[in-house]
>>> print(open('entry.tsv').read())   # TSV, N, CA and C atoms and all ligand atoms
chain	number	residue	atom	x	y	z
A	3	MET	N	-14.14	15.59	11.43
A	3	MET	CA	-15.31	15.26	10.60
A	3	MET	C	-14.92	14.23	9.53
A	4	LYS	N	-13.78	14.50	8.90
A	4	LYS	CA	-13.29	13.58	7.87
A	4	LYS	C	-13.09	12.18	8.46
A	5	THR	N	-12.58	12.20	9.69
A	5	THR	CA	-12.30	10.92	10.37
A	5	THR	C	-13.61	10.16	10.60
A	6	MET	N	-14.66	10.93	10.99
A	6	MET	CA	-15.96	10.31	11.25
A	6	MET	C	-16.51	9.65	9.98
A	7	ILE	N	-16.39	10.36	8.87
A	7	ILE	CA	-16.91	9.82	7.61
A	7	ILE	C	-16.15	8.55	7.24
A	8	LEU	N	-14.85	8.62	7.40
A	8	LEU	CA	-13.99	7.48	7.08
A	8	LEU	C	-14.35	6.30	7.97
A	9	LEU	N	-14.56	6.61	9.24
A	9	LEU	CA	-14.86	5.58	10.23
A	9	LEU	C	-16.19	4.89	9.92
A	10	SER	N	-17.20	5.70	9.60
A	10	SER	CA	-18.51	5.11	9.32
A	10	SER	C	-18.45	4.30	8.03
A	11	PHE	N	-17.61	4.72	7.11
A	11	PHE	CA	-17.44	3.96	5.87
A	11	PHE	C	-16.84	2.58	6.18
A	12	VAL	N	-15.86	2.58	7.03
A	12	VAL	CA	-15.20	1.32	7.41
A	12	VAL	C	-16.20	0.40	8.10
A	13	VAL	N	-17.00	0.97	9.00
A	13	VAL	CA	-18.01	0.18	9.71
A	13	VAL	C	-19.03	-0.38	8.73
A	14	ALA	N	-19.50	0.47	7.80
A	14	ALA	CA	-20.48	0.03	6.81
A	14	ALA	C	-19.90	-1.07	5.93
A	15	ALA	N	-18.65	-0.90	5.53
A	15	ALA	CA	-18.00	-1.90	4.69
A	15	ALA	C	-17.94	-3.23	5.43
A	16	GLY	N	-17.69	-3.15	6.73
A	16	GLY	CA	-17.62	-4.34	7.56
A	16	GLY	C	-18.97	-5.05	7.59
A	17	LEU	N	-20.04	-4.28	7.67
A	17	LEU	CA	-21.38	-4.85	7.74
A	17	LEU	C	-21.76	-5.58	6.46
A	18	PHE	N	-21.29	-5.03	5.33
A	18	PHE	CA	-21.65	-5.64	4.05
A	18	PHE	C	-20.70	-6.75	3.62
A	19	ALA	N	-19.61	-6.89	4.33
A	19	ALA	CA	-18.65	-7.93	3.98
A	19	ALA	C	-19.27	-9.30	4.27
A	20	SER	N	-18.66	-10.33	3.75
A	20	SER	CA	-19.17	-11.69	3.98
A	20	SER	C	-19.17	-12.01	5.46
A	21	PRO	N	-20.04	-12.93	5.89
A	21	PRO	CA	-20.11	-13.26	7.32
A	21	PRO	C	-18.76	-13.76	7.86
A	22	HIS	N	-17.92	-14.28	6.96
A	22	HIS	CA	-16.63	-14.81	7.40
A	22	HIS	C	-15.69	-13.72	7.90
A	23	ALA	N	-15.99	-12.49	7.53
A	23	ALA	CA	-15.11	-11.39	7.92
A	23	ALA	C	-15.25	-11.05	9.40
A	24	CYS	N	-16.27	-11.59	10.05
A	24	CYS	CA	-16.56	-11.20	11.42
A	24	CYS	C	-15.39	-11.45	12.37
A	25	LEU	N	-14.58	-12.45	12.07
A	25	LEU	CA	-13.47	-12.75	12.96
A	25	LEU	C	-12.34	-11.74	12.85
A	26	ASP	N	-12.25	-11.06	11.74
A	26	ASP	CA	-11.17	-10.10	11.55
A	26	ASP	C	-11.14	-9.06	12.66
A	27	LYS	N	-12.32	-8.63	13.10
A	27	LYS	CA	-12.42	-7.58	14.11
A	27	LYS	C	-11.95	-8.10	15.46
A	28	LEU	N	-11.91	-9.41	15.60
A	28	LEU	CA	-11.56	-10.02	16.88
A	28	LEU	C	-10.17	-10.66	16.87
A	29	CYS	N	-9.36	-10.26	15.89
A	29	CYS	CA	-8.10	-10.98	15.72
A	29	CYS	C	-7.23	-10.95	16.97
A	30	ALA	N	-7.40	-9.94	17.82
A	30	ALA	CA	-6.57	-9.87	19.02
A	30	ALA	C	-7.21	-10.60	20.21
A	31	ALA	N	-8.46	-11.02	20.01
A	31	ALA	CA	-9.18	-11.69	21.10
A	31	ALA	C	-8.68	-13.11	21.30
A	32	PRO	N	-8.84	-13.63	22.51
A	32	PRO	CA	-8.42	-15.02	22.75
A	32	PRO	C	-9.23	-16.00	21.93
A	33	LEU	N	-8.65	-17.15	21.69
A	33	LEU	CA	-9.29	-18.16	20.85
A	33	LEU	C	-10.71	-18.51	21.33
A	34	ALA	N	-10.88	-18.67	22.64
A	34	ALA	CA	-12.19	-19.04	23.18
A	34	ALA	C	-13.25	-18.02	22.79
A	35	ALA	N	-12.88	-16.74	22.83
A	35	ALA	CA	-13.83	-15.68	22.48
A	35	ALA	C	-14.19	-15.76	21.00
A	36	LYS	N	-13.22	-16.05	20.18
A	36	LYS	CA	-13.48	-16.16	18.74
A	36	LYS	C	-14.44	-17.30	18.47
A	37	GLN	N	-14.23	-18.41	19.15
A	37	GLN	CA	-15.06	-19.58	18.88
A	37	GLN	C	-16.49	-19.37	19.35
A	38	GLN	N	-16.66	-18.50	20.37
A	38	GLN	CA	-18.01	-18.20	20.82
A	38	GLN	C	-18.78	-17.41	19.77
A	39	VAL	N	-18.08	-16.53	19.09
A	39	VAL	CA	-18.71	-15.66	18.10
A	39	VAL	C	-19.01	-16.42	16.82
A	40	CYS	N	-18.07	-17.22	16.40
A	40	CYS	CA	-18.22	-17.91	15.12
A	40	CYS	C	-17.95	-19.39	15.29
A	41	SER	N	-18.76	-20.21	14.67
A	41	SER	CA	-18.56	-21.64	14.78
A	41	SER	C	-17.65	-22.18	13.69
A	42	PHE	N	-17.44	-21.38	12.64
A	42	PHE	CA	-16.62	-21.88	11.53
A	42	PHE	C	-15.15	-21.48	11.68
A	43	ASP	N	-14.29	-22.18	10.97
A	43	ASP	CA	-12.87	-21.84	10.96
A	43	ASP	C	-12.68	-20.53	10.22
A	44	PRO	N	-11.80	-19.67	10.74
A	44	PRO	CA	-11.54	-18.43	10.03
A	44	PRO	C	-10.91	-18.68	8.67
A	45	VAL	N	-10.11	-19.71	8.57
A	45	VAL	CA	-9.53	-20.07	7.28
A	45	VAL	C	-9.87	-21.53	7.00
A	46	ASP	N	-10.56	-21.74	5.89
A	46	ASP	CA	-10.94	-23.09	5.49
A	46	ASP	C	-9.94	-23.49	4.40
A	47	LYS	N	-8.82	-24.03	4.86
A	47	LYS	CA	-7.68	-24.23	3.98
A	47	LYS	C	-7.80	-25.49	3.12
A	48	TYR	N	-7.65	-25.32	1.83
A	48	TYR	CA	-7.70	-26.42	0.88
A	48	TYR	C	-6.46	-26.41	0.01
A	49	LYS	N	-6.16	-27.57	-0.53
A	49	LYS	CA	-5.05	-27.68	-1.48
A	49	LYS	C	-5.58	-28.31	-2.75
A	50	ALA	N	-5.32	-27.66	-3.88
A	50	ALA	CA	-5.76	-28.21	-5.16
A	50	ALA	C	-4.57	-28.42	-6.07
A	51	VAL	N	-4.56	-29.54	-6.76
A	51	VAL	CA	-3.55	-29.78	-7.78
A	51	VAL	C	-4.25	-29.57	-9.12
A	52	ILE	N	-3.75	-28.61	-9.87
A	52	ILE	CA	-4.40	-28.25	-11.12
A	52	ILE	C	-3.47	-28.51	-12.30
A	53	ARG	N	-3.95	-29.31	-13.22
A	53	ARG	CA	-3.16	-29.60	-14.42
A	53	ARG	C	-3.46	-28.54	-15.46
A	54	ILE	N	-2.39	-27.96	-15.97
A	54	ILE	CA	-2.55	-26.86	-16.93
A	54	ILE	C	-1.92	-27.25	-18.27
A	55	THR	N	-2.70	-27.04	-19.33
A	55	THR	CA	-2.19	-27.34	-20.67
A	55	THR	C	-1.98	-26.02	-21.40
A	56	GLY	N	-0.84	-25.90	-22.08
A	56	GLY	CA	-0.60	-24.71	-22.88
A	56	GLY	C	0.55	-23.85	-22.37
A	57	ILE	N	1.18	-24.28	-21.30
A	57	ILE	CA	2.36	-23.54	-20.81
A	57	ILE	C	3.53	-23.94	-21.71
A	58	ASP	N	4.03	-22.97	-22.50
A	58	ASP	CA	5.14	-23.37	-23.37
A	58	ASP	C	6.40	-22.55	-23.15
A	59	CYS	N	6.39	-21.68	-22.16
A	59	CYS	CA	7.64	-21.01	-21.81
A	59	CYS	C	7.57	-20.55	-20.36
A	60	ALA	N	8.71	-20.14	-19.86
A	60	ALA	CA	8.79	-19.74	-18.45
A	60	ALA	C	7.91	-18.52	-18.15
A	61	ALA	N	7.69	-17.67	-19.17
A	61	ALA	CA	6.88	-16.47	-18.97
A	61	ALA	C	5.42	-16.83	-18.70
A	62	CYS	N	4.93	-17.85	-19.42
A	62	CYS	CA	3.56	-18.33	-19.19
A	62	CYS	C	3.41	-18.74	-17.73
A	63	SER	N	4.34	-19.56	-17.32
A	63	SER	CA	4.33	-20.12	-15.99
A	63	SER	C	4.34	-19.02	-14.93
A	64	LYS	N	5.22	-18.05	-15.15
A	64	LYS	CA	5.36	-16.95	-14.20
A	64	LYS	C	4.09	-16.10	-14.15
A	65	MET	N	3.50	-15.87	-15.33
A	65	MET	CA	2.29	-15.04	-15.41
A	65	MET	C	1.14	-15.71	-14.66
A	66	ILE	N	0.99	-17.01	-14.84
A	66	ILE	CA	-0.08	-17.74	-14.15
A	66	ILE	C	0.16	-17.68	-12.64
A	67	GLN	N	1.40	-17.92	-12.27
A	67	GLN	CA	1.74	-17.92	-10.84
A	67	GLN	C	1.45	-16.56	-10.21
A	68	GLN	N	1.87	-15.50	-10.92
A	68	GLN	CA	1.68	-14.15	-10.36
A	68	GLN	C	0.20	-13.79	-10.28
A	69	THR	N	-0.55	-14.14	-11.32
A	69	THR	CA	-1.98	-13.81	-11.33
A	69	THR	C	-2.70	-14.52	-10.18
A	70	LEU	N	-2.40	-15.81	-10.01
A	70	LEU	CA	-3.05	-16.56	-8.94
A	70	LEU	C	-2.65	-16.02	-7.57
A	71	SER	N	-1.35	-15.72	-7.43
A	71	SER	CA	-0.85	-15.23	-6.14
A	71	SER	C	-1.57	-13.95	-5.70
A	72	LYS	N	-1.94	-13.14	-6.68
A	72	LYS	CA	-2.59	-11.86	-6.38
A	72	LYS	C	-4.09	-12.00	-6.14
A	73	THR	N	-4.63	-13.20	-6.38
A	73	THR	CA	-6.06	-13.42	-6.27
A	73	THR	C	-6.47	-13.60	-4.82
A	74	LYS	N	-7.57	-12.93	-4.45
A	74	LYS	CA	-8.06	-12.98	-3.08
A	74	LYS	C	-8.46	-14.41	-2.71
A	75	GLY	N	-7.97	-14.87	-1.59
A	75	GLY	CA	-8.31	-16.21	-1.13
A	75	GLY	C	-7.23	-17.24	-1.45
A	76	VAL	N	-6.34	-16.89	-2.40
A	76	VAL	CA	-5.24	-17.80	-2.73
A	76	VAL	C	-4.12	-17.58	-1.72
A	77	LEU	N	-3.71	-18.67	-1.05
A	77	LEU	CA	-2.71	-18.57	0.01
A	77	LEU	C	-1.30	-18.85	-0.51
A	78	SER	N	-1.18	-19.78	-1.44
A	78	SER	CA	0.13	-20.03	-2.02
A	78	SER	C	-0.02	-20.72	-3.37
A	79	VAL	N	0.96	-20.51	-4.24
A	79	VAL	CA	0.94	-21.12	-5.57
A	79	VAL	C	2.31	-21.74	-5.81
A	80	ASP	N	2.30	-22.99	-6.16
A	80	ASP	CA	3.55	-23.67	-6.47
A	80	ASP	C	3.47	-24.14	-7.92
A	81	LEU	N	4.15	-23.43	-8.78
A	81	LEU	CA	4.14	-23.78	-10.21
A	81	LEU	C	5.51	-23.49	-10.78
A	82	ALA	N	6.25	-24.53	-11.06
A	82	ALA	CA	7.61	-24.35	-11.57
A	82	ALA	C	7.65	-24.66	-13.06
A	83	TYR	N	8.55	-23.98	-13.77
A	83	TYR	CA	8.75	-24.28	-15.18
A	83	TYR	C	10.07	-25.02	-15.34
A	84	PRO	N	10.15	-26.10	-16.09
A	84	PRO	CA	9.04	-26.72	-16.82
A	84	PRO	C	8.17	-27.55	-15.89
A	85	GLY	N	6.90	-27.55	-16.21
A	85	GLY	CA	5.96	-28.30	-15.39
A	85	GLY	C	4.56	-27.89	-15.78
A	86	ASN	N	3.61	-28.79	-15.61
A	86	ASN	CA	2.24	-28.46	-16.02
A	86	ASN	C	1.25	-28.64	-14.89
A	87	GLN	N	1.77	-28.66	-13.67
A	87	GLN	CA	0.87	-28.81	-12.53
A	87	GLN	C	1.10	-27.71	-11.50
A	88	ALA	N	0.03	-27.05	-11.16
A	88	ALA	CA	0.11	-26.02	-10.13
A	88	ALA	C	-0.49	-26.58	-8.85
A	89	VAL	N	0.20	-26.39	-7.76
A	89	VAL	CA	-0.35	-26.77	-6.46
A	89	VAL	C	-0.75	-25.46	-5.77
A	90	VAL	N	-2.04	-25.31	-5.57
A	90	VAL	CA	-2.57	-24.06	-5.05
A	90	VAL	C	-3.23	-24.29	-3.70
A	91	GLN	N	-2.82	-23.54	-2.71
A	91	GLN	CA	-3.50	-23.58	-1.42
A	91	GLN	C	-4.40	-22.36	-1.35
A	92	PHE	N	-5.61	-22.58	-0.89
A	92	PHE	CA	-6.57	-21.47	-0.89
A	92	PHE	C	-7.54	-21.57	0.28
A	93	ASP	N	-8.19	-20.45	0.56
A	93	ASP	CA	-9.19	-20.38	1.61
A	93	ASP	C	-10.56	-20.58	0.97
A	94	ARG	N	-11.18	-21.70	1.29
A	94	ARG	CA	-12.45	-22.05	0.67
A	94	ARG	C	-13.58	-21.06	1.03
A	95	HIS	N	-13.39	-20.27	2.07
A	95	HIS	CA	-14.38	-19.24	2.38
A	95	HIS	C	-14.39	-18.16	1.30
A	96	GLN	N	-13.25	-18.01	0.62
A	96	GLN	CA	-13.11	-16.90	-0.31
A	96	GLN	C	-13.08	-17.28	-1.78
A	97	ILE	N	-12.62	-18.49	-2.06
A	97	ILE	CA	-12.50	-18.91	-3.46
A	97	ILE	C	-12.62	-20.43	-3.53
A	98	SER	N	-13.04	-20.95	-4.69
A	98	SER	CA	-13.15	-22.40	-4.85
A	98	SER	C	-12.15	-22.88	-5.89
A	99	ASP	N	-11.88	-24.19	-5.90
A	99	ASP	CA	-10.98	-24.72	-6.92
A	99	ASP	C	-11.55	-24.48	-8.32
A	100	LYS	N	-12.87	-24.52	-8.41
A	100	LYS	CA	-13.51	-24.29	-9.70
A	100	LYS	C	-13.22	-22.86	-10.21
A	101	GLN	N	-13.28	-21.92	-9.28
A	101	GLN	CA	-13.01	-20.53	-9.66
A	101	GLN	C	-11.55	-20.35	-10.07
A	102	ILE	N	-10.65	-21.08	-9.41
A	102	ILE	CA	-9.22	-20.99	-9.75
A	102	ILE	C	-9.01	-21.55	-11.16
A	103	VAL	N	-9.67	-22.66	-11.46
A	103	VAL	CA	-9.58	-23.26	-12.80
A	103	VAL	C	-10.10	-22.27	-13.85
A	104	GLN	N	-11.23	-21.64	-13.53
A	104	GLN	CA	-11.81	-20.68	-14.48
A	104	GLN	C	-10.88	-19.49	-14.72
A	105	LEU	N	-10.19	-19.09	-13.66
A	105	LEU	CA	-9.26	-17.97	-13.77
A	105	LEU	C	-8.11	-18.31	-14.71
A	106	ILE	N	-7.58	-19.52	-14.57
A	106	ILE	CA	-6.47	-19.96	-15.44
A	106	ILE	C	-6.95	-20.05	-16.89
A	107	GLU	N	-8.19	-20.52	-17.06
A	107	GLU	CA	-8.75	-20.62	-18.41
A	107	GLU	C	-8.95	-19.25	-19.03
A	108	LYS	N	-9.29	-18.29	-18.19
A	108	LYS	CA	-9.46	-16.91	-18.67
A	108	LYS	C	-8.14	-16.34	-19.18
A	109	LEU	N	-7.04	-16.86	-18.63
A	109	LEU	CA	-5.72	-16.40	-19.07
A	109	LEU	C	-5.31	-17.05	-20.40
A	110	GLY	N	-6.10	-18.02	-20.85
A	110	GLY	CA	-5.82	-18.63	-22.14
A	110	GLY	C	-5.24	-20.03	-22.09
A	111	TYR	N	-5.36	-20.69	-20.96
A	111	TYR	CA	-4.83	-22.05	-20.84
A	111	TYR	C	-5.96	-23.00	-20.51
A	112	GLN	N	-5.71	-24.28	-20.76
A	112	GLN	CA	-6.69	-25.28	-20.35
A	112	GLN	C	-6.30	-25.74	-18.97
A	113	ALA	N	-7.26	-25.84	-18.09
A	113	ALA	CA	-6.96	-26.23	-16.72
A	113	ALA	C	-7.96	-27.25	-16.22
A	114	GLN	N	-7.46	-28.14	-15.37
A	114	GLN	CA	-8.32	-29.19	-14.82
A	114	GLN	C	-7.84	-29.49	-13.41
A	115	CYS	N	-8.79	-29.46	-12.49
A	115	CYS	CA	-8.42	-29.79	-11.12
A	115	CYS	C	-8.38	-31.30	-10.99
A	116	ILE	N	-7.19	-31.85	-10.68
A	116	ILE	CA	-7.08	-33.31	-10.61
A	116	ILE	C	-7.11	-33.83	-9.18
A	117	GLN	N	-6.94	-32.93	-8.23
A	117	GLN	CA	-6.99	-33.36	-6.82
A	117	GLN	C	-7.30	-32.14	-5.97
A	118	CYS	N	-8.19	-32.32	-5.00
A	118	CYS	CA	-8.52	-31.22	-4.11
A	118	CYS	C	-8.77	-31.79	-2.72
A	119	GLU	N	-8.06	-31.29	-1.74
A	119	GLU	CA	-8.25	-31.83	-0.39
A	119	GLU	C	-8.24	-30.72	0.66
A	120	LYS	N	-8.94	-30.97	1.74
A	120	LYS	CA	-8.99	-30.02	2.83
A	120	LYS	C	-7.76	-30.21	3.72
A	121	LEU	N	-7.12	-29.11	4.05
A	121	LEU	CA	-5.96	-29.17	4.95
A	121	LEU	C	-6.44	-28.79	6.35
A	122	SER	N	-5.62	-29.07	7.32
A	122	SER	CA	-6.03	-28.73	8.69
A	122	SER	C	-6.15	-27.22	8.82
A	123	SER	N	-7.05	-26.80	9.70
A	123	SER	CA	-7.31	-25.37	9.84
A	123	SER	C	-6.23	-24.70	10.67
A	124	LYS	N	-6.34	-23.38	10.76
A	124	LYS	CA	-5.33	-22.57	11.42
A	124	LYS	C	-5.21	-22.90	12.91
A	125	PHE	N	-6.34	-23.25	13.51
A	125	PHE	CA	-6.33	-23.53	14.96
A	125	PHE	C	-6.10	-25.03	15.24
B	201	CU	CU	4.80	-18.74	-22.82
>>> encode(input="entry.tsv", output="structure tokens", more="lines below")
Ligand SMILES: [Cu+2]
Amino acid sequence: MKTMILLSFVVAAGLFASPHACLDKLCAAPLAAKQQVCSFDPVDKYKAVIRITGIDCAACSKMIQQTLSKTKGVLSVDLAYPGNQAVVQFDRHQISDKQIVQLIEKLGYQAQCIQCEKLSSKF
């Protein structure tokens, strides 16, 4: 019984998830089958270069890096100290460069996206 409740919860959660989640259920299916179900890329990979003002020690840098890394949709964060530019790769289905900038600003730094480009998709 417990399993049934858990199972229906998982199914319901799947139904309410974003339309992009539909491919997750088919991850073991062949590529052709996936493309029949969904016309969009499962990962819409982008790279943003974000200039950050206010990093004055290695701890700042590390905190920003860790916070971004833990954020849903962020695929990788490259931010070394000393340095004021973060290179962030992200899935545009889940997060935007604007949202990443806002997140850094929420941490108490000034941030500006100076470059944003689409990278080739997973397939
Ligand atoms: Cu600091």
>>> atom_distance(input="entry.tsv", atom1="atom CA of A:Gln96", atom2="atom N of A:Asp58")
28.7 Å
>>> residues_near_ligand(input="entry.tsv", ligand="ligand CU 201 (chain B)", cutoff="12 Å", atoms="only C-alpha atoms and all ligand atoms", output="compact mmCIF listing (two decimals) with N, CA and C atoms, in the frame of the given file")
# COMPACT_ATOMS: atom_id res chain seq x y z
N THR A 55 -2.70 -27.04 -19.33
CA THR A 55 -2.19 -27.34 -20.67
C THR A 55 -1.98 -26.02 -21.40
N GLY A 56 -0.84 -25.90 -22.08
CA GLY A 56 -0.60 -24.71 -22.88
C GLY A 56 0.55 -23.85 -22.37
N ILE A 57 1.18 -24.28 -21.30
CA ILE A 57 2.36 -23.54 -20.81
C ILE A 57 3.53 -23.94 -21.71
N ASP A 58 4.03 -22.97 -22.50
CA ASP A 58 5.14 -23.37 -23.37
C ASP A 58 6.40 -22.55 -23.15
N CYS A 59 6.39 -21.68 -22.16
CA CYS A 59 7.64 -21.01 -21.81
C CYS A 59 7.57 -20.55 -20.36
N ALA A 60 8.71 -20.14 -19.86
CA ALA A 60 8.79 -19.74 -18.45
C ALA A 60 7.91 -18.52 -18.15
N ALA A 61 7.69 -17.67 -19.17
CA ALA A 61 6.88 -16.47 -18.97
C ALA A 61 5.42 -16.83 -18.70
N CYS A 62 4.93 -17.85 -19.42
CA CYS A 62 3.56 -18.33 -19.19
C CYS A 62 3.41 -18.74 -17.73
N SER A 63 4.34 -19.56 -17.32
CA SER A 63 4.33 -20.12 -15.99
C SER A 63 4.34 -19.02 -14.93
N LYS A 64 5.22 -18.05 -15.15
CA LYS A 64 5.36 -16.95 -14.20
C LYS A 64 4.09 -16.10 -14.15
N MET A 65 3.50 -15.87 -15.33
CA MET A 65 2.29 -15.04 -15.41
C MET A 65 1.14 -15.71 -14.66
N ILE A 66 0.99 -17.01 -14.84
CA ILE A 66 -0.08 -17.74 -14.15
C ILE A 66 0.16 -17.68 -12.64
N TYR A 83 8.55 -23.98 -13.77
CA TYR A 83 8.75 -24.28 -15.18
C TYR A 83 10.07 -25.02 -15.34
N PRO A 84 10.15 -26.10 -16.09
CA PRO A 84 9.04 -26.72 -16.82
C PRO A 84 8.17 -27.55 -15.89
N LEU A 109 -7.04 -16.86 -18.63
CA LEU A 109 -5.72 -16.40 -19.07
C LEU A 109 -5.31 -17.05 -20.40
N GLY A 110 -6.10 -18.02 -20.85
CA GLY A 110 -5.82 -18.63 -22.14
C GLY A 110 -5.24 -20.03 -22.09
N TYR A 111 -5.36 -20.69 -20.96
CA TYR A 111 -4.83 -22.05 -20.84
C TYR A 111 -5.96 -23.00 -20.51
>>> residues_around(input="entry.tsv", residues="A:Ile52", least_positions_apart="5", cutoff="10 Å", atoms="only C-alpha atoms", output="count of residues only")
17
>>> atom_distance(input="entry.tsv", atom1="atom C of A:Arg94", atom2="atom CA of A:Ala82")
24.9 Å
>>> closest_residue(input="entry.tsv", among="A:Gln101, A:Gln68, A:Ser78, A:Gln91", to="A:Val51", atoms="only C-alpha atoms")
A:Gln91
>>> closest_residue(input="entry.tsv", among="A:Asp80, A:Glu119, A:Glu107, A:Asp93", to="A:Ala50", atoms="only C-alpha atoms")
A:Glu119
>>> closest_residue(input="entry.tsv", among="A:Lys49, A:Ile54, A:Pro44, A:Leu105", to="A:Gly85", atoms="only N, CA and C atoms")
A:Ile54
>>> residues_around(input="entry.tsv", residues="A:Leu121", least_positions_apart="6", cutoff="8 Å", atoms="only C-alpha atoms", output="NGL selection string")
:A and (46-49)
>>> write_last_selection(input="entry.tsv", atoms="N, CA and C atoms", output="PDB file, in the frame of the given file")
ATOM      1  N   ASP A  46     -10.560 -21.740   5.890  1.00  0.00           N
ATOM      2  CA  ASP A  46     -10.940 -23.090   5.490  1.00  0.00           C
ATOM      3  C   ASP A  46      -9.940 -23.490   4.400  1.00  0.00           C
ATOM      4  N   LYS A  47      -8.820 -24.030   4.860  1.00  0.00           N
ATOM      5  CA  LYS A  47      -7.680 -24.230   3.980  1.00  0.00           C
ATOM      6  C   LYS A  47      -7.800 -25.490   3.120  1.00  0.00           C
ATOM      7  N   TYR A  48      -7.650 -25.320   1.830  1.00  0.00           N
ATOM      8  CA  TYR A  48      -7.700 -26.420   0.880  1.00  0.00           C
ATOM      9  C   TYR A  48      -6.460 -26.410   0.010  1.00  0.00           C
ATOM     10  N   LYS A  49      -6.160 -27.570  -0.530  1.00  0.00           N
ATOM     11  CA  LYS A  49      -5.050 -27.680  -1.480  1.00  0.00           C
ATOM     12  C   LYS A  49      -5.580 -28.310  -2.750  1.00  0.00           C
TER      13      LYS A  49
END
>>> atom_distance(input="entry.tsv", atom1="atom N of A:Leu77", atom2="atom CA of A:Arg53")
17.3 Å
